[in-house]
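Chemist: Please find one structure pasted underneath; my questions will follow.
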Amino acid sequence: MARDRPAPPDRFRQQALARGHLAETLAAWLLRLKGYRILARDLRLPVGEVDLIARRGRMLVFVEVKRRALRDLALESVGARQRRRIERASEAFVAARPALAGLDRRFDLVLVAAGRLPHHVPDAWRP
């Protein structure tokens, strides 16, 4: 029997969080397959948030994962305000880990669209 009422908002939020977590997991596996080591996931600091932090060689990469119905929508969904929050979080992350201070840094995107493989966009923006 079909439900006539919409699902409660809490259920929508839980489903969105689950889809976001799955997108981050797919992105982490993609990066691992490319030779990156994941240092942190879902980092939340007072100054900002970063979905994934990875390292490959001397490159420290701060990754924003975006899941949308279409890849182009995901690419367009990272605005200037969000980029600044990620940049601030990256500074706080490195400040708390002096051993990483000498590494090169980069900001990447991983775009996840329904029915498609995740797409890695290296060096998506520069501060």
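Chain identifiers are assigned as A, B, and so on, following the order in which chains appear in the structure tokens; residues are numbered from 1 within each chain, and ligands are numbered from 1 in order of appearance.
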Just want the 6 Å neighbourhood of A:Leu109, counted on only C-alpha atoms, with same-chain residues fewer than 6 positions away dropped. Output as a list in words.
Modeler: Val63, Glu64, Val65, His120 and Val121 of chain A
Chemist: Give me a file of those residues, with N, CA and C atoms, as a PDB file, in the first residue's frame.
Modeler:
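The result, stored in selection-v4.pdb:
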```
ATOM      1  N   VAL A  63      39.736  18.225   0.043  1.00  0.00           N
ATOM      2  CA  VAL A  63      38.771  17.806  -0.976  1.00  0.00           C
ATOM      3  C   VAL A  63      37.346  18.116  -0.530  1.00  0.00           C
ATOM      4  N   GLU A  64      36.618  18.780  -1.406  1.00  0.00           N
ATOM      5  CA  GLU A  64      35.182  18.991  -1.216  1.00  0.00           C
ATOM      6  C   GLU A  64      34.463  17.980  -2.101  1.00  0.00           C
ATOM      7  N   VAL A  65      33.544  17.232  -1.518  1.00  0.00           N
ATOM      8  CA  VAL A  65      32.775  16.234  -2.250  1.00  0.00           C
ATOM      9  C   VAL A  65      31.377  16.799  -2.463  1.00  0.00           C
ATOM     10  N   HIS A 120      37.117  13.286 -10.303  1.00  0.00           N
ATOM     11  CA  HIS A 120      38.076  14.044  -9.504  1.00  0.00           C
ATOM     12  C   HIS A 120      38.527  15.264 -10.297  1.00  0.00           C
ATOM     13  N   VAL A 121      38.416  16.442  -9.684  1.00  0.00           N
ATOM     14  CA  VAL A 121      38.868  17.694 -10.298  1.00  0.00           C
ATOM     15  C   VAL A 121      40.036  18.227  -9.470  1.00  0.00           C
TER      16      VAL A 121
END
```
Chemist: Applying 9 Å and only C-alpha atoms, which residues near stretch 89-102 of chain A remain after dropping the ones on its own chain fewer than 4 positions away? List them as a ChimeraX atom specification.
Modeler: /A:43-50,53,58,60,62,84-85
Chemist: Take atom CA of A:Leu26 and atom CA of A:Arg67 and report the distance between them in Å, one decimal.
Modeler: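 Separation between atom CA of A:Leu26 and atom CA of A:Arg67: 10.5 Å.
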Chemist: With only C-alpha atoms as the atoms that count, which of A:Val78, A:Leu103, A:Ala114, A:Leu52 lies nearest to A:Thr25?
Modeler: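 Of A:Val78, A:Leu103, A:Ala114, A:Leu52, the one nearest A:Thr25, counting only C-alpha atoms, is A:Leu52.
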Chemist: What parts of chain A does DSSP call strand (DSSP E or B)? I'd like the answer as a PyMOL selection string.
Modeler: chain A and resi 37-45+48-56+59-68+104-113+119-125
Chemist: Using only C-alpha atoms for the distances, tell me which of A:Ala40, A:Val112, A:Ala54, A:Ala124 is nearest to A:Ala27.
Modeler: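 Among the listed residues, A:Val112 lies closest to A:Ala27.
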Chemist: When you count only C-alpha atoms, which of these residues is closest to A:Arg32: A:Arg106, A:Arg19, A:Arg56, A:Arg81?
Modeler: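 For A:Arg32, the nearest of the candidates is A:Arg56.
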Chemist: Nearest residue to A:Met59 out of A:Arg37, A:His119, A:Arg13, A:Arg88, using only C-alpha atoms?
Modeler: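 Closest candidate: A:Arg37.
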Chemist: Calculate how many Å separate atom CA of A:Trp29 from atom CA of A:Phe107, rounding to one decimal.
Modeler: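 Between these atoms lies a distance of 17.6 Å.
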Chemist: Step one, run DSSP on the backbone; step two, keep only residues of stretch 42-84 of chain A assigned to helix (DSSP H, G or I); then write them as a VMD selection string.
Modeler: chain A and resid 71 to 76 80 to 84
Chemist: Keeping only N, CA and C atoms, take the residues you just selected and write them out as a PDB file, in the first residue's frame.
Modeler:
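Now in again-v4.pdb:
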```pdb
ATOM      1  N   ARG A  71      26.420  16.144 -12.921  1.00  0.00           N
ATOM      2  CA  ARG A  71      27.788  16.546 -12.608  1.00  0.00           C
ATOM      3  C   ARG A  71      27.960  18.062 -12.714  1.00  0.00           C
ATOM      4  N   ASP A  72      27.367  18.687 -13.731  1.00  0.00           N
ATOM      5  CA  ASP A  72      27.504  20.142 -13.893  1.00  0.00           C
ATOM      6  C   ASP A  72      26.921  20.892 -12.700  1.00  0.00           C
ATOM      7  N   LEU A  73      25.824  20.394 -12.165  1.00  0.00           N
ATOM      8  CA  LEU A  73      25.225  21.027 -10.981  1.00  0.00           C
ATOM      9  C   LEU A  73      26.157  20.917  -9.780  1.00  0.00           C
ATOM     10  N   ALA A  74      26.826  19.784  -9.667  1.00  0.00           N
ATOM     11  CA  ALA A  74      27.764  19.599  -8.565  1.00  0.00           C
ATOM     12  C   ALA A  74      28.932  20.567  -8.691  1.00  0.00           C
ATOM     13  N   LEU A  75      29.436  20.735  -9.899  1.00  0.00           N
ATOM     14  CA  LEU A  75      30.569  21.630 -10.128  1.00  0.00           C
ATOM     15  C   LEU A  75      30.214  23.067  -9.785  1.00  0.00           C
ATOM     16  N   GLU A  76      29.003  23.482 -10.096  1.00  0.00           N
ATOM     17  CA  GLU A  76      28.573  24.853  -9.856  1.00  0.00           C
ATOM     18  C   GLU A  76      28.181  25.126  -8.403  1.00  0.00           C
ATOM     19  N   ALA A  80      31.977  30.877  -3.476  1.00  0.00           N
ATOM     20  CA  ALA A  80      33.124  31.566  -2.882  1.00  0.00           C
ATOM     21  C   ALA A  80      33.116  31.471  -1.355  1.00  0.00           C
ATOM     22  N   ARG A  81      31.957  31.596  -0.749  1.00  0.00           N
ATOM     23  CA  ARG A  81      31.864  31.519   0.715  1.00  0.00           C
ATOM     24  C   ARG A  81      32.287  30.136   1.214  1.00  0.00           C
ATOM     25  N   GLN A  82      31.839  29.100   0.536  1.00  0.00           N
ATOM     26  CA  GLN A  82      32.203  27.745   0.939  1.00  0.00           C
ATOM     27  C   GLN A  82      33.701  27.495   0.725  1.00  0.00           C
ATOM     28  N   ARG A  83      34.241  27.996  -0.369  1.00  0.00           N
ATOM     29  CA  ARG A  83      35.682  27.847  -0.610  1.00  0.00           C
ATOM     30  C   ARG A  83      36.478  28.509   0.512  1.00  0.00           C
ATOM     31  N   ARG A  84      36.071  29.684   0.946  1.00  0.00           N
ATOM     32  CA  ARG A  84      36.780  30.371   2.034  1.00  0.00           C
ATOM     33  C   ARG A  84      36.711  29.568   3.335  1.00  0.00           C
TER      34      ARG A  84
END
```
Chemist: Which one is closest to A:Asp51: A:Arg105, A:Arg126, A:Arg116, A:His21? Count only C-alpha atoms.
Modeler: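 Closest to A:Asp51, using only C-alpha atoms: A:His21.
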Chemist: Which residue is closest to A:Glu24? Choose from A:Ile38, A:Ile86, A:Val61, A:Ala69 and count only C-alpha atoms.
Modeler: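 Selected residue with least distance to A:Glu24: A:Ile38.
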Chemist: Would you work out the distance separating atom CA of A:Leu33 from atom CA of A:Val110, expressed in Å to one decimal?
Modeler: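 So the answer is 13.5 Å.
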